[in-house]
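Novice: Can you keep this structure in mind? I'll have questions shortly.
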Amino acid sequence: MVEAVQGAGVVVTGAGGGIGAALARRFAAEGARVVVNDLDADRAEAVAEEIGGIAVPGDASGIVAEARAALGGTVDVYCANAGVAFEAGEPGRPLDEQPWALSWDVNVMAHVRAAHELLPDWLERGSGRFVSTVSAAGLLTMIGAAPYAVTKHGAYAFAEWLSLTYRHRGLKVHAICPQGVRTDMLAATGSAGDLVLQPTAITPEEVAEALFKGIEEDRFLILPHPEVAGYQQARAADPDRWLTNMNHIQQKWETTR
């Protein structure tokens, strides 16, 4: 059992399935009191009933106050897990702003809005934990999926900013950056996901396990696929070589479409 989360009031957004449901189950198993959020009320209620949690369905951007009330007035851990992805394609042919707007709102601004609501209380009492489900795409990129790749970079940057700004005031921040995870979202990436992500895809439960190991070790960056660290280093050391290698993958994908 992880002492840091026993008895804690935890909110997990996008927890009706996939990574979110796995996180909710793991927090509950570790003795936390869990609010299960999802746009799909039936799915949120099903997971909440399974784990003895509390369902608070709705848009992840606006549920902090209701979740706080459901937990008796205090949120100790907030998992900004809700996210959207679209089947990979070529952006701007023609330009469709809807995927960009929705990706920005869900993948980035929902995190910003939650932090805005949570920080005053956390800073006053000198403790709080913000968990951001990002993606390896937020450290690297994803072929053919510009809205996803760009907004996941934004989600990572925001988590990084929260950590460097408030860690001396008791805020713990974790950014989870897996590659492929066997969820509905992976299926939404289409043929690009089949090429790049499916071969090494892991289960949502493995992502949850990586997070809890990171909590125990007090680490910001959580890499359920450890090899991502090497890819990140290669990208930083020689951007042109890395981009050339990624372009080769892009070309390979184009031959399969």
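Residue numbering restarts at 1 in every chain; chains get A, B, ... in the order shown in the structure tokens, and ligands count up from 1 in that same order.
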Residues near stretch 26-31 of chain A, anyone? I mean within 9 Å using only C-alpha atoms, not counting same-chain ones fewer than 6 positions away, as a PyMOL selection string.
Specialist: chain A and resi 1-3+5-8+10+51-53+205+208-209+212
Novice: How would the residues just picked look written out with N, CA, C and O atoms as a CSV table (one decimal), in the first residue's frame?
Specialist:
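Result file result29.csv:
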```csv
chain,number,residue,atom,x,y,z
A,1,MET,N,0.8,-1.2,0.0
A,1,MET,CA,0.0,0.0,0.0
A,1,MET,C,0.9,1.3,0.0
A,1,MET,O,1.9,1.3,0.7
A,2,VAL,N,0.4,2.3,-0.8
A,2,VAL,CA,1.2,3.5,-0.9
A,2,VAL,C,0.6,4.5,0.2
A,2,VAL,O,-0.5,4.9,0.1
A,3,GLU,N,1.4,4.8,1.2
A,3,GLU,CA,0.9,5.6,2.3
A,3,GLU,C,0.4,6.9,1.9
A,3,GLU,O,-0.6,7.5,2.4
A,5,VAL,N,-1.4,7.9,-0.5
A,5,VAL,CA,-2.8,8.0,-1.0
A,5,VAL,C,-3.8,7.3,-0.1
A,5,VAL,O,-5.0,7.4,-0.4
A,6,GLN,N,-3.5,6.7,1.0
A,6,GLN,CA,-4.4,6.0,1.8
A,6,GLN,C,-5.3,7.1,2.5
A,6,GLN,O,-4.9,8.0,3.1
A,7,GLY,N,-6.6,6.9,2.3
A,7,GLY,CA,-7.6,7.9,2.8
A,7,GLY,C,-7.7,9.2,2.1
A,7,GLY,O,-8.5,10.0,2.4
A,8,ALA,N,-6.9,9.3,1.0
A,8,ALA,CA,-6.9,10.6,0.2
A,8,ALA,C,-8.2,10.7,-0.6
A,8,ALA,O,-8.8,9.7,-1.0
A,10,VAL,N,-9.6,11.5,-4.0
A,10,VAL,CA,-9.0,11.5,-5.3
A,10,VAL,C,-10.1,11.7,-6.4
A,10,VAL,O,-11.2,11.1,-6.3
A,51,ILE,N,-16.0,0.0,-7.6
A,51,ILE,CA,-14.9,0.3,-6.6
A,51,ILE,C,-15.3,1.0,-5.3
A,51,ILE,O,-14.5,1.3,-4.5
A,52,GLY,N,-16.6,1.2,-5.2
A,52,GLY,CA,-17.1,1.8,-4.0
A,52,GLY,C,-16.8,3.3,-4.0
A,52,GLY,O,-16.6,3.9,-2.9
A,53,GLY,N,-16.8,3.9,-5.2
A,53,GLY,CA,-16.5,5.3,-5.3
A,53,GLY,C,-17.8,6.1,-5.5
A,53,GLY,O,-18.9,5.7,-5.3
A,205,GLU,N,-3.7,-1.1,-16.8
A,205,GLU,CA,-3.3,-1.5,-15.5
A,205,GLU,C,-1.7,-1.3,-15.3
A,205,GLU,O,-1.3,-0.9,-14.2
A,208,ALA,N,-1.2,2.3,-14.6
A,208,ALA,CA,-1.5,2.6,-13.2
A,208,ALA,C,-0.3,2.2,-12.3
A,208,ALA,O,0.1,2.9,-11.4
A,209,GLU,N,0.2,1.0,-12.6
A,209,GLU,CA,1.3,0.5,-11.8
A,209,GLU,C,2.5,1.4,-11.9
A,209,GLU,O,3.2,1.7,-10.9
A,212,PHE,N,2.0,4.5,-9.7
A,212,PHE,CA,2.2,4.3,-8.3
A,212,PHE,C,3.6,4.1,-7.9
A,212,PHE,O,4.1,4.5,-6.8
```
Novice: Which residues of stretch 22-86 of chain A come within 9 Å of stretch 145-161 of chain A, and what is each one's closest atom pair and distance in Å (one decimal), counting only C-alpha atoms, sorted by chain and residue number, as JSON lines?
Specialist:
```
{"residue": "A:Val84", "atom": "CA", "partner": "A:Tyr148", "partner_atom": "CA", "distance": 7.6}
{"residue": "A:Ala85", "atom": "CA", "partner": "A:Tyr148", "partner_atom": "CA", "distance": 5.8}
{"residue": "A:Phe86", "atom": "CA", "partner": "A:Ala145", "partner_atom": "CA", "distance": 7.1}
```
Novice: For the strand (DSSP E) assignment from backbone DSSP, which residues of stretch 136-218 of chain A qualify? Please present them as a list in words.
Specialist: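 Assigned to strand (DSSP E), within stretch 136-218 of chain A: Leu171, Lys172, Val173, His174, Ala175 and Ile176 of chain A.
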Novice: Measure the distance from atom CA of A:Arg125 to atom CA of A:Ile215 in Å and round it to one decimal.
Specialist: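 Atom CA of A:Ile215 lies 19.7 Å from atom CA of A:Arg125.
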Novice: Write down as a ChimeraX atom specification the residues belonging to stretch 41-202 of chain A that are assigned alpha helix (DSSP H) by DSSP computed on the backbone.
Specialist: /A:41-51,64-70,97-104,110-125,146-166,184-187,190-196
Novice: What lies within 9 Å of stretch 112-121 of chain A using only C-alpha atoms, ignoring chain neighbours under 4 positions off, as a ChimeraX atom specification?
Specialist: /A:60-65,74-75,78,80,108,125-128,130,155,158,162,171
